[in-house]
$ cat model_23.pdb   # PDB, C-alpha atoms
ATOM      1  CA  MET A   1      30.703   2.794 -10.887
ATOM      2  CA  THR A   2      27.825   2.188 -13.281
ATOM      3  CA  ARG A   3      30.215   2.473 -16.193
ATOM      4  CA  TRP A   4      32.269  -0.248 -14.528
ATOM      5  CA  THR A   5      29.357  -2.627 -14.200
ATOM      6  CA  ALA A   6      28.268  -1.898 -17.757
ATOM      7  CA  GLY A   7      31.801  -2.703 -18.937
ATOM      8  CA  LEU A   8      31.830  -5.895 -16.935
ATOM      9  CA  LEU A   9      28.515  -6.932 -18.395
ATOM     10  CA  MET A  10      29.799  -6.242 -21.884
ATOM     11  CA  LEU A  11      32.838  -8.409 -21.212
ATOM     12  CA  LEU A  12      30.637 -11.163 -19.860
ATOM     13  CA  ALA A  13      28.408 -10.996 -22.942
ATOM     14  CA  LEU A  14      31.463 -11.168 -25.187
ATOM     15  CA  ALA A  15      32.837 -14.121 -23.275
ATOM     16  CA  LEU A  16      29.536 -15.969 -23.578
ATOM     17  CA  SER A  17      28.740 -15.209 -27.196
ATOM     18  CA  PRO A  18      30.951 -17.883 -28.843
ATOM     19  CA  GLY A  19      29.115 -20.459 -26.753
ATOM     20  CA  ILE A  20      25.882 -19.493 -28.458
ATOM     21  CA  ALA A  21      27.457 -19.870 -31.853
ATOM     22  CA  LEU A  22      28.836 -23.299 -31.033
ATOM     23  CA  ALA A  23      25.930 -25.090 -29.457
ATOM     24  CA  THR A  24      22.516 -24.487 -28.029
ATOM     25  CA  ALA A  25      22.254 -25.449 -24.390
ATOM     26  CA  ILE A  26      19.126 -26.871 -22.823
ATOM     27  CA  GLY A  27      16.632 -24.175 -21.931
ATOM     28  CA  GLU A  28      18.870 -21.479 -23.336
ATOM     29  CA  PRO A  29      16.780 -18.408 -24.152
ATOM     30  CA  LEU A  30      16.594 -18.096 -27.899
ATOM     31  CA  GLU A  31      15.350 -15.252 -30.005
ATOM     32  CA  PHE A  32      12.824 -15.818 -32.726
ATOM     33  CA  GLU A  33      11.251 -13.425 -35.171
ATOM     34  CA  THR A  34       7.769 -14.779 -34.748
ATOM     35  CA  GLU A  35       5.876 -16.772 -32.152
ATOM     36  CA  ALA A  36       5.183 -19.420 -34.818
ATOM     37  CA  GLN A  37       8.939 -19.986 -35.187
ATOM     38  CA  ARG A  38       9.289 -20.434 -31.439
ATOM     39  CA  GLN A  39       6.432 -22.913 -31.459
ATOM     40  CA  GLN A  40       8.021 -24.808 -34.325
ATOM     41  CA  TYR A  41      11.385 -24.974 -32.551
ATOM     42  CA  GLU A  42       9.788 -26.146 -29.320
ATOM     43  CA  THR A  43       7.772 -28.838 -31.111
ATOM     44  CA  LEU A  44      10.628 -30.073 -33.275
ATOM     45  CA  THR A  45      13.135 -30.435 -30.454
ATOM     46  CA  ARG A  46      10.601 -32.672 -28.718
ATOM     47  CA  GLU A  47      10.063 -34.791 -31.806
ATOM     48  CA  LEU A  48      13.653 -35.464 -32.806
ATOM     49  CA  ARG A  49      15.640 -38.192 -31.146
ATOM     50  CA  CYS A  50      19.131 -37.678 -29.857
ATOM     51  CA  THR A  51      20.688 -40.477 -31.852
ATOM     52  CA  VAL A  52      23.534 -41.169 -29.435
ATOM     53  CA  CYS A  53      21.406 -41.244 -26.298
ATOM     54  CA  GLN A  54      18.558 -43.046 -28.034
ATOM     55  CA  SER A  55      15.831 -42.716 -25.412
ATOM     56  CA  GLU A  56      15.957 -38.957 -25.141
ATOM     57  CA  THR A  57      14.709 -36.239 -27.412
ATOM     58  CA  ILE A  58      17.147 -33.521 -28.375
ATOM     59  CA  HIS A  59      15.071 -31.202 -26.200
ATOM     60  CA  GLU A  60      16.092 -32.986 -23.013
ATOM     61  CA  SER A  61      19.477 -34.459 -23.876
ATOM     62  CA  ASN A  62      22.753 -33.093 -22.611
ATOM     63  CA  ALA A  63      24.799 -34.805 -25.310
ATOM     64  CA  GLU A  64      26.934 -32.641 -27.553
ATOM     65  CA  LEU A  65      25.301 -34.071 -30.627
ATOM     66  CA  ALA A  66      21.903 -33.045 -29.274
ATOM     67  CA  ALA A  67      23.211 -29.514 -28.758
ATOM     68  CA  ASP A  68      24.465 -29.461 -32.356
ATOM     69  CA  MET A  69      21.106 -30.696 -33.586
ATOM     70  CA  ARG A  70      19.236 -28.085 -31.521
ATOM     71  CA  ARG A  71      21.435 -25.423 -33.033
ATOM     72  CA  ARG A  72      20.698 -26.727 -36.540
ATOM     73  CA  VAL A  73      16.959 -26.803 -35.858
ATOM     74  CA  TYR A  74      17.191 -23.276 -34.484
ATOM     75  CA  GLN A  75      19.111 -21.962 -37.498
ATOM     76  CA  MET A  76      16.829 -23.645 -40.000
ATOM     77  CA  THR A  77      13.753 -22.378 -38.157
ATOM     78  CA  ARG A  78      15.166 -18.854 -38.212
ATOM     79  CA  ASP A  79      15.853 -19.282 -41.920
ATOM     80  CA  GLY A  80      12.163 -19.886 -42.404
ATOM     81  CA  MET A  81      12.227 -23.612 -43.179
ATOM     82  CA  SER A  82       9.028 -25.517 -42.495
ATOM     83  CA  ALA A  83       8.838 -28.193 -39.808
ATOM     84  CA  ASP A  84       8.467 -30.914 -42.433
ATOM     85  CA  ALA A  85      11.539 -29.712 -44.315
ATOM     86  CA  ILE A  86      13.612 -29.762 -41.124
ATOM     87  CA  VAL A  87      12.455 -33.268 -40.193
ATOM     88  CA  ASP A  88      13.227 -34.431 -43.744
ATOM     89  CA  PHE A  89      16.688 -32.882 -43.436
ATOM     90  CA  MET A  90      17.392 -34.886 -40.259
ATOM     91  CA  VAL A  91      15.880 -38.093 -41.653
ATOM     92  CA  ALA A  92      18.082 -37.806 -44.774
ATOM     93  CA  ARG A  93      21.135 -37.797 -42.507
ATOM     94  CA  TYR A  94      20.221 -39.966 -39.545
ATOM     95  CA  GLY A  95      17.425 -42.155 -40.909
ATOM     96  CA  ASP A  96      13.864 -42.640 -39.706
ATOM     97  CA  TYR A  97      15.285 -43.465 -36.331
ATOM     98  CA  VAL A  98      15.726 -39.773 -35.614
ATOM     99  CA  ARG A  99      11.958 -39.306 -35.450
ATOM    100  CA  TYR A 100      10.596 -39.927 -32.007
ATOM    101  CA  ARG A 101       7.159 -40.605 -33.478
ATOM    102  CA  PRO A 102       7.601 -43.264 -36.144
ATOM    103  CA  PRO A 103       5.747 -42.408 -39.371
ATOM    104  CA  LEU A 104       3.140 -44.808 -40.688
ATOM    105  CA  GLN A 105       4.823 -46.515 -43.632
ATOM    106  CA  ALA A 106       5.445 -50.007 -44.973
ATOM    107  CA  ASN A 107       8.237 -50.971 -42.577
ATOM    108  CA  THR A 108       6.438 -49.629 -39.503
ATOM    109  CA  ALA A 109       2.986 -51.011 -40.364
ATOM    110  CA  LEU A 110       3.364 -53.944 -37.966
ATOM    111  CA  LEU A 111       4.459 -51.600 -35.183
ATOM    112  CA  TRP A 112       1.376 -49.465 -35.595
ATOM    113  CA  ALA A 113      -0.967 -52.414 -36.091
ATOM    114  CA  SER A 114       0.330 -54.503 -33.156
ATOM    115  CA  PRO A 115      -1.894 -52.937 -30.433
ATOM    116  CA  PHE A 116      -4.994 -53.625 -32.517
ATOM    117  CA  LEU A 117      -3.804 -57.121 -33.409
ATOM    118  CA  LEU A 118      -3.176 -57.927 -29.740
ATOM    119  CA  PHE A 119      -6.576 -56.514 -28.796
ATOM    120  CA  GLY A 120      -8.225 -58.608 -31.524
ATOM    121  CA  GLY A 121      -6.428 -61.733 -30.266
ATOM    122  CA  GLY A 122      -7.571 -61.071 -26.708
ATOM    123  CA  LEU A 123     -11.122 -60.556 -27.889
ATOM    124  CA  LEU A 124     -11.026 -63.900 -29.718
ATOM    125  CA  VAL A 125      -9.813 -65.776 -26.628
ATOM    126  CA  TRP A 126     -12.451 -64.078 -24.464
ATOM    127  CA  TRP A 127     -15.195 -64.958 -26.929
ATOM    128  CA  GLN A 128     -14.124 -68.619 -27.000
ATOM    129  CA  VAL A 129     -14.059 -68.850 -23.214
ATOM    130  CA  MET A 130     -17.485 -67.236 -22.884
ATOM    131  CA  ARG A 131     -18.972 -69.513 -25.504
ATOM    132  CA  ARG A 132     -17.674 -72.605 -23.733
ATOM    133  CA  ARG A 133     -19.092 -71.421 -20.422
ATOM    134  CA  ALA A 134     -22.519 -70.703 -21.873
ATOM    135  CA  ARG A 135     -22.859 -74.205 -23.370
ATOM    136  CA  PRO A 136     -24.614 -76.666 -20.994
ATOM    137  CA  ASP A 137     -22.675 -79.796 -20.149
ATOM    138  CA  ASP A 138     -23.178 -82.533 -22.654
ATOM    139  CA  GLU A 139     -25.422 -85.456 -21.744
ATOM    140  CA  PRO A 140     -23.297 -88.207 -20.257
ATOM    141  CA  GLN A 141     -22.703 -90.966 -22.733
ATOM    142  CA  PHE A 142     -22.846 -94.574 -21.575
ATOM    143  CA  THR A 143     -21.797 -97.721 -23.283
ATOM    144  CA  ASP A 144     -24.312-100.532 -23.734
ATOM    145  CA  GLN A 145     -22.707-102.418 -20.884
ATOM    146  CA  GLU A 146     -23.056 -99.443 -18.532
ATOM    147  CA  ARG A 147     -26.627 -98.927 -19.626
ATOM    148  CA  ALA A 148     -27.425-102.506 -18.804
ATOM    149  CA  ALA A 149     -25.744-102.146 -15.401
ATOM    150  CA  LEU A 150     -27.793 -99.019 -14.672
ATOM    151  CA  GLU A 151     -30.945-100.785 -15.679
ATOM    152  CA  ARG A 152     -30.090-103.671 -13.347
ATOM    153  CA  LEU A 153     -29.450-101.289 -10.446
ATOM    154  CA  ARG A 154     -32.696 -99.489 -11.056
ATOM    155  CA  ARG A 155     -34.600-102.757 -10.964
ATOM    156  CA  GLY A 156     -32.863-103.565  -7.735
ATOM    157  CA  ASN A 157     -31.431-106.975  -8.424
TER     158      ASN A 157
ATOM    159  CA  MET B 158      -7.593 -81.015 -26.297
ATOM    160  CA  LYS B 159      -3.916 -81.922 -26.023
ATOM    161  CA  LEU B 160      -3.196 -79.579 -28.916
ATOM    162  CA  LYS B 161      -4.843 -76.679 -27.103
ATOM    163  CA  LEU B 162      -2.555 -77.189 -24.128
ATOM    164  CA  LEU B 163       0.390 -76.777 -26.437
ATOM    165  CA  ILE B 164      -0.685 -73.290 -27.561
ATOM    166  CA  PRO B 165       0.585 -71.404 -24.456
ATOM    167  CA  LEU B 166       3.838 -73.347 -24.617
ATOM    168  CA  VAL B 167       4.358 -72.405 -28.249
ATOM    169  CA  ALA B 168       3.426 -68.771 -27.561
ATOM    170  CA  VAL B 169       5.844 -68.490 -24.632
ATOM    171  CA  THR B 170       8.634 -70.149 -26.622
ATOM    172  CA  ALA B 171       8.059 -67.737 -29.501
ATOM    173  CA  LEU B 172       8.158 -64.758 -27.147
ATOM    174  CA  LEU B 173      11.358 -65.979 -25.474
ATOM    175  CA  GLY B 174      12.890 -66.541 -28.894
ATOM    176  CA  LEU B 175      12.019 -63.009 -29.906
ATOM    177  CA  LEU B 176      13.561 -61.608 -26.713
ATOM    178  CA  LEU B 177      16.691 -63.698 -27.213
ATOM    179  CA  LEU B 178      16.980 -62.341 -30.746
ATOM    180  CA  GLY B 179      16.651 -58.829 -29.331
ATOM    181  CA  LEU B 180      19.531 -59.465 -26.930
ATOM    182  CA  GLY B 181      21.780 -60.280 -29.864
ATOM    183  CA  LEU B 182      20.991 -57.041 -31.683
ATOM    184  CA  ASN B 183      23.170 -54.044 -31.115
ATOM    185  CA  SER B 184      20.897 -51.030 -30.794
ATOM    186  CA  ARG B 185      23.747 -48.854 -32.030
ATOM    187  CA  ASP B 186      23.947 -50.663 -35.342
ATOM    188  CA  LEU B 187      21.771 -48.214 -37.189
ATOM    189  CA  PRO B 188      21.407 -48.229 -40.928
ATOM    190  CA  SER B 189      22.757 -45.065 -42.476
ATOM    191  CA  PRO B 190      20.514 -43.428 -45.056
ATOM    192  CA  LEU B 191      23.649 -41.858 -46.537
ATOM    193  CA  VAL B 192      24.985 -45.100 -47.973
ATOM    194  CA  GLY B 193      24.504 -44.854 -51.729
ATOM    195  CA  LYS B 194      24.360 -41.060 -51.659
ATOM    196  CA  PRO B 195      27.060 -38.634 -52.773
ATOM    197  CA  ALA B 196      29.380 -37.277 -50.092
ATOM    198  CA  PRO B 197      27.597 -34.314 -48.449
ATOM    199  CA  ALA B 198      28.995 -30.884 -49.222
ATOM    200  CA  PHE B 199      31.050 -28.990 -46.667
ATOM    201  CA  ALA B 200      33.571 -26.167 -46.500
ATOM    202  CA  LEU B 201      35.963 -26.287 -43.563
ATOM    203  CA  GLU B 202      39.420 -25.086 -42.682
ATOM    204  CA  ALA B 203      42.233 -27.585 -43.025
ATOM    205  CA  LEU B 204      43.488 -28.697 -39.620
ATOM    206  CA  GLU B 205      47.089 -27.809 -40.424
ATOM    207  CA  ASP B 206      46.336 -24.492 -42.068
ATOM    208  CA  PRO B 207      43.368 -22.203 -41.317
ATOM    209  CA  GLN B 208      43.951 -20.406 -44.622
ATOM    210  CA  THR B 209      43.195 -23.483 -46.687
ATOM    211  CA  ILE B 210      39.523 -24.258 -47.155
ATOM    212  CA  LEU B 211      38.703 -27.881 -47.818
ATOM    213  CA  THR B 212      35.533 -29.118 -49.456
ATOM    214  CA  GLU B 213      34.113 -32.538 -50.210
ATOM    215  CA  GLN B 214      35.957 -32.328 -53.559
ATOM    216  CA  ASP B 215      39.238 -32.761 -51.654
ATOM    217  CA  PHE B 216      38.012 -36.167 -50.481
ATOM    218  CA  ILE B 217      36.934 -37.334 -53.920
ATOM    219  CA  GLY B 218      39.038 -38.736 -56.737
ATOM    220  CA  GLU B 219      39.855 -42.286 -55.815
ATOM    221  CA  VAL B 220      38.440 -44.970 -53.584
ATOM    222  CA  ALA B 221      39.110 -43.633 -50.091
ATOM    223  CA  LEU B 222      38.227 -43.827 -46.438
ATOM    224  CA  VAL B 223      36.876 -40.905 -44.457
ATOM    225  CA  ASN B 224      37.532 -41.206 -40.757
ATOM    226  CA  VAL B 225      35.915 -39.033 -38.074
ATOM    227  CA  TRP B 226      38.174 -38.636 -35.057
ATOM    228  CA  ALA B 227      39.104 -36.446 -32.099
ATOM    229  CA  THR B 228      41.895 -36.399 -29.560
ATOM    230  CA  TRP B 229      39.408 -36.732 -26.680
ATOM    231  CA  CYS B 230      38.166 -39.986 -28.156
ATOM    232  CA  SER B 231      40.191 -42.837 -26.728
ATOM    233  CA  THR B 232      38.703 -45.359 -29.133
ATOM    234  CA  CYS B 233      40.063 -43.237 -32.000
ATOM    235  CA  ARG B 234      43.518 -43.475 -30.489
ATOM    236  CA  ALA B 235      43.177 -47.228 -30.240
ATOM    237  CA  GLU B 236      42.038 -47.362 -33.851
ATOM    238  CA  LYS B 237      44.952 -45.342 -35.179
ATOM    239  CA  PRO B 238      47.541 -48.152 -35.637
ATOM    240  CA  LEU B 239      45.064 -49.949 -37.858
ATOM    241  CA  LEU B 240      44.535 -46.781 -39.923
ATOM    242  CA  MET B 241      48.324 -46.446 -40.147
ATOM    243  CA  GLU B 242      48.515 -49.917 -41.647
ATOM    244  CA  LEU B 243      45.856 -49.051 -44.207
ATOM    245  CA  ALA B 244      47.620 -45.807 -45.105
ATOM    246  CA  ARG B 245      50.909 -47.652 -45.580
ATOM    247  CA  ALA B 246      49.113 -50.123 -47.825
ATOM    248  CA  GLY B 247      48.211 -47.221 -50.069
ATOM    249  CA  ILE B 248      44.609 -46.596 -49.133
ATOM    250  CA  PRO B 249      43.979 -42.845 -48.961
ATOM    251  CA  ILE B 250      42.380 -41.791 -45.679
ATOM    252  CA  HIS B 251      40.742 -38.401 -45.317
ATOM    253  CA  ALA B 252      39.422 -37.190 -42.006
ATOM    254  CA  PHE B 253      37.185 -34.902 -40.053
ATOM    255  CA  ASN B 254      38.734 -33.684 -36.850
ATOM    256  CA  TYR B 255      35.459 -33.565 -34.948
ATOM    257  CA  ARG B 256      34.660 -31.180 -32.066
ATOM    258  CA  ASP B 257      38.305 -30.923 -31.160
ATOM    259  CA  GLU B 258      40.860 -28.208 -30.504
ATOM    260  CA  ARG B 259      43.309 -27.479 -33.277
ATOM    261  CA  GLU B 260      46.282 -27.258 -30.901
ATOM    262  CA  ALA B 261      45.544 -30.579 -29.263
ATOM    263  CA  ALA B 262      44.954 -32.302 -32.582
ATOM    264  CA  LEU B 263      48.183 -31.010 -34.103
ATOM    265  CA  ARG B 264      50.178 -31.972 -31.032
ATOM    266  CA  TYR B 265      48.657 -35.450 -31.114
ATOM    267  CA  LEU B 266      49.532 -35.924 -34.776
ATOM    268  CA  ALA B 267      53.053 -34.551 -34.268
ATOM    269  CA  MET B 268      53.790 -37.180 -31.629
ATOM    270  CA  THR B 269      53.329 -40.107 -33.959
ATOM    271  CA  GLU B 270      52.766 -40.585 -37.645
ATOM    272  CA  SER B 271      49.572 -39.365 -39.217
ATOM    273  CA  PRO B 272      47.570 -41.789 -41.321
ATOM    274  CA  TYR B 273      45.559 -38.962 -42.852
ATOM    275  CA  ARG B 274      45.984 -37.412 -46.255
ATOM    276  CA  THR B 275      43.558 -34.530 -45.752
ATOM    277  CA  ILE B 276      42.084 -33.376 -42.453
ATOM    278  CA  ALA B 277      39.116 -31.037 -42.291
ATOM    279  CA  TYR B 278      38.790 -29.175 -39.001
ATOM    280  CA  ASP B 279      35.215 -29.327 -37.706
ATOM    281  CA  PRO B 280      35.210 -27.853 -34.184
ATOM    282  CA  ALA B 281      31.467 -27.174 -34.078
ATOM    283  CA  GLY B 282      30.324 -30.433 -35.630
ATOM    284  CA  ASP B 283      28.881 -28.588 -38.638
ATOM    285  CA  ALA B 284      29.911 -31.109 -41.255
ATOM    286  CA  GLY B 285      29.211 -33.716 -38.591
ATOM    287  CA  ILE B 286      25.461 -33.227 -38.901
ATOM    288  CA  ASP B 287      25.578 -33.158 -42.692
ATOM    289  CA  TRP B 288      27.505 -36.415 -42.711
ATOM    290  CA  GLY B 289      25.164 -37.936 -40.146
ATOM    291  CA  VAL B 290      27.906 -38.431 -37.554
ATOM    292  CA  TYR B 291      26.677 -40.044 -34.340
ATOM    293  CA  ALA B 292      29.845 -40.412 -32.375
ATOM    294  CA  THR B 293      33.539 -40.842 -32.962
ATOM    295  CA  PRO B 294      35.117 -42.851 -34.412
ATOM    296  CA  GLU B 295      33.196 -43.310 -37.604
ATOM    297  CA  THR B 296      34.492 -44.425 -40.969
ATOM    298  CA  TYR B 297      33.013 -44.045 -44.427
ATOM    299  CA  VAL B 298      34.125 -45.663 -47.666
ATOM    300  CA  LEU B 299      33.866 -43.387 -50.692
ATOM    301  CA  ASP B 300      34.076 -44.715 -54.215
ATOM    302  CA  ALA B 301      36.028 -42.915 -56.916
ATOM    303  CA  GLU B 302      32.973 -40.815 -57.804
ATOM    304  CA  GLY B 303      32.569 -39.709 -54.204
ATOM    305  CA  VAL B 304      29.510 -41.817 -53.401
ATOM    306  CA  ILE B 305      29.338 -43.156 -49.846
ATOM    307  CA  ARG B 306      29.352 -46.934 -50.153
ATOM    308  CA  TYR B 307      29.785 -48.025 -46.554
ATOM    309  CA  LYS B 308      29.616 -46.569 -43.099
ATOM    310  CA  ARG B 309      30.885 -47.919 -39.835
ATOM    311  CA  ILE B 310      29.771 -46.351 -36.563
ATOM    312  CA  GLY B 311      32.393 -47.225 -33.983
ATOM    313  CA  PRO B 312      35.967 -48.437 -34.319
ATOM    314  CA  LEU B 313      37.251 -50.486 -37.213
ATOM    315  CA  THR B 314      38.597 -53.877 -36.261
ATOM    316  CA  ARG B 315      40.937 -56.126 -38.124
ATOM    317  CA  GLN B 316      38.152 -58.650 -38.563
ATOM    318  CA  LEU B 317      35.813 -56.015 -39.967
ATOM    319  CA  LEU B 318      38.483 -54.816 -42.383
ATOM    320  CA  LEU B 319      39.178 -58.335 -43.619
ATOM    321  CA  ASP B 320      35.525 -59.322 -43.859
ATOM    322  CA  GLU B 321      33.926 -56.173 -45.210
ATOM    323  CA  VAL B 322      36.022 -53.080 -45.818
ATOM    324  CA  LEU B 323      38.988 -54.415 -47.772
ATOM    325  CA  PRO B 324      36.899 -56.616 -50.115
ATOM    326  CA  LEU B 325      34.657 -53.599 -50.740
ATOM    327  CA  ILE B 326      37.645 -51.393 -51.544
ATOM    328  CA  GLU B 327      38.952 -54.055 -53.942
ATOM    329  CA  ARG B 328      35.585 -54.209 -55.671
ATOM    330  CA  LEU B 329      35.244 -50.427 -55.913
ATOM    331  CA  ARG B 330      38.734 -50.110 -57.322
ATOM    332  CA  ALA B 331      37.949 -52.723 -59.945
ATOM    333  CA  GLU B 332      34.718 -50.861 -60.726
ATOM    334  CA  SER B 333      36.441 -47.537 -61.285
ATOM    335  CA  ALA B 334      39.250 -49.171 -63.266
ATOM    336  CA  GLY B 335      36.618 -50.777 -65.462
ATOM    337  CA  ARG B 336      34.939 -47.453 -65.990
ATOM    338  CA  ALA B 337      38.194 -45.693 -66.846
ATOM    339  CA  SER B 338      39.244 -48.148 -69.540
TER     340      SER B 338
END
$ encode --input "model_23.pdb" --output "structure tokens"
Amino acid sequence: MTRWTAGLLMLLALALSPGIALATAIGEPLEFETEAQRQQYETLTRELRCTVCQSETIHESNAELAADMRRRVYQMTRDGMSADAIVDFMVARYGDYVRYRPPLQANTALLWASPFLLFGGGLLVWWQVMRRRARPDDEPQFTDQERAALERLRRGN
Amino acid sequence: MKLKLLIPLVAVTALLGLLLLGLGLNSRDLPSPLVGKPAPAFALEALEDPQTILTEQDFIGEVALVNVWATWCSTCRAEKPLLMELARAGIPIHAFNYRDEREAALRYLAMTESPYRTIAYDPAGDAGIDWGVYATPETYVLDAEGVIRYKRIGPLTRQLLLDEVLPLIERLRAESAGRAS
């Protein structure tokens, strides 16, 4: 009986093994040589964009391309490549777009600076409004004619 | 004072303009970093014959197209008549059969004519990642030295061929002819 179950399990393992070679499913248990490699894999899959689904990382995407990319990241991690080298590998093929966190470089400078620019603009508007409020109302200005009329009224005739 | 009132109007108009511009952009039109680079290396079985191993060298030699296709991709099927026309006009078309089954692909090609000169069988999308494939269909233009000069993500259209691809092929052919003489 136990031999039977063992045989069945073996068969099951055999049936499943090509799947591992083809693609890496979400949350599939993976074996790493060191904890650092696991950490690197986990970090990288959360930092690379699934380029067909666009608003998902390859960690969370069900797309086939994402599975291929996970498998590549896994293989390269197992081969001992550094995180930077793996990101560079993906960027060379899919462009900067593949990085979920855009790097700070010439063509992304505006993107990174925009929050500060907007904050600065808001600060400027606020400062102008406050300054206007603090200033006492100007003395009313009258023309000579009005002044004469006022004078007449004051004298009461 | 009047000028100050205009500021919000101008700001809102600028913002709306920016949004309108964004609507016109296709978020799938991504620049490929591979344009200008040599064709990435690969070693894959030929679709027709598992014994034959194809490499990027089999795609290189003259100005050619490289088309990424699969039988499960209906857009690829729709694109095929256009590829047939190009093949008949004497433009070599190489291909990656991407994430497909060999049987299905062979049956599909047996039903009608095949526009492809060489077909590399890539069931696991291995070469796909090296070539920066997003989704099928995709088409690259290689020059005679095997440098990627153009990439189209999505189907080719007649308009696109007339406007961009065919003039580029003409130019590349003239380039390589100039170099040869």
$ closest_atom_pairs --input "model_23.pdb" --of "chain B" --to "chain A" --cutoff "10 Å" --atoms "all atoms listed in the file" --output "tab-separated table"
residue	atom	partner	partner_atom	distance
B:Ser184	CA	A:Gln54	CA	8.8
B:Arg185	CA	A:Val52	CA	8.1
B:Leu187	CA	A:Tyr97	CA	8.1
B:Pro188	CA	A:Gly95	CA	7.3
B:Ser189	CA	A:Gly95	CA	6.3
B:Pro190	CA	A:Gly95	CA	5.3
B:Leu191	CA	A:Arg93	CA	6.2
B:Val192	CA	A:Arg93	CA	9.9
B:Lys194	CA	A:Ala92	CA	9.9
B:Pro197	CA	A:Arg93	CA	9.4
B:Arg256	CA	A:Glu64	CA	9.1
B:Pro280	CA	A:Leu22	CA	8.4
B:Ala281	CA	A:Leu22	CA	5.6
B:Gly282	CA	A:Asp68	CA	6.8
B:Asp283	CA	A:Asp68	CA	7.7
B:Gly285	CA	A:Leu65	CA	8.9
B:Ile286	CA	A:Arg93	CA	7.3
B:Asp287	CA	A:Arg93	CA	6.4
B:Trp288	CA	A:Arg93	CA	6.5
B:Gly289	CA	A:Arg93	CA	4.7
B:Val290	CA	A:Tyr94	CA	8.1
B:Tyr291	CA	A:Val52	CA	5.9
B:Ala292	CA	A:Val52	CA	7.0
$ closest_residue --input "model_23.pdb" --among "B:Trp226, B:Glu260, B:Ala334, B:Lys237" --to "Ala277 in chain B" --atoms "only C-alpha atoms"
B:Trp226
$ resolve_selection --input "model_23.pdb" --expression "the PyMOL selection byres ((chain B and resi 275) around 7)" --output "PyMOL selection string"
chain B and resi 251-252+273-274+276-277
$ write_last_selection --input "model_23.pdb" --atoms "C-alpha atoms" --output "short mmCIF file (atom, residue, chain, number, x, y, z; two decimals), in the coordinates of the input"
data_model
loop_
_atom_site.label_atom_id
_atom_site.label_comp_id
_atom_site.auth_asym_id
_atom_site.auth_seq_id
_atom_site.Cartn_x
_atom_site.Cartn_y
_atom_site.Cartn_z
CA HIS B 251 40.74 -38.40 -45.32
CA ALA B 252 39.42 -37.19 -42.01
CA TYR B 273 45.56 -38.96 -42.85
CA ARG B 274 45.98 -37.41 -46.26
CA ILE B 276 42.08 -33.38 -42.45
CA ALA B 277 39.12 -31.04 -42.29
#
$ atom_distance --input "model_23.pdb" --atom1 "CA of Ala63 in chain A" --atom2 "CA of Ala25 in chain A"
9.7 Å
$ atom_distance --input "model_23.pdb" --atom1 "CA of Leu172 in chain B" --atom2 "CA of Thr57 in chain A"
29.3 Å
$ closest_residue --input "model_23.pdb" --among "A:Glu47, A:Glu42, A:Asp144, A:Glu33" --to "Arg99 in chain A" --atoms "all atoms listed in the file"
A:Glu47
$ resolve_selection --input "model_23.pdb" --expression "the PyMOL selection byres ((chain A and resi 32) around 12)" --output "VMD selection string"
chain A and resid 29 to 31 33 to 42 74 to 80
$ resolve_selection --input "model_23.pdb" --expression "the PyMOL selection byres ((chain B and resi 230) around 10)" --output "list in words"
Trp226, Ala227, Thr228, Trp229, Ser231, Thr232, Cys233, Arg234, Ala235, Tyr255, Asp257, Ala292, Thr293 and Pro294 of chain B
$ axis_aligned_box --input "model_23.pdb" --around "range 271-289 of chain B" --padding-each-side "3 Å" --output "JSON"
{"center_x": 37.4, "center_y": -34.5, "center_z": -40.2, "size_x": 30.4, "size_y": 20.6, "size_z": 18.2}
$ atom_distance --input "model_23.pdb" --atom1 "CA of Ala244 in chain B" --atom2 "CA of Leu222 in chain B"
9.7 Å
$ closest_residue --input "model_23.pdb" --among "B:Ala246, B:Leu182, B:Ala301, B:Leu329" --to "Asp215 in chain B" --atoms "only C-alpha atoms"
B:Ala301
$ residues_around --input "model_23.pdb" --residues "Glu202 in chain B" --least-positions-apart "3" --cutoff "7 Å" --atoms "all atoms listed in the file" --output "list in words"
Asp206, Pro207, Gln208, Thr209, Ile210, Leu211, Ala277 and Tyr278 of chain B
$ closest_residue --input "model_23.pdb" --among "A:Leu48, A:Leu123, A:Ile58, A:Ala113" --to "Asp84 in chain A" --atoms "all atoms listed in the file"
A:Leu48
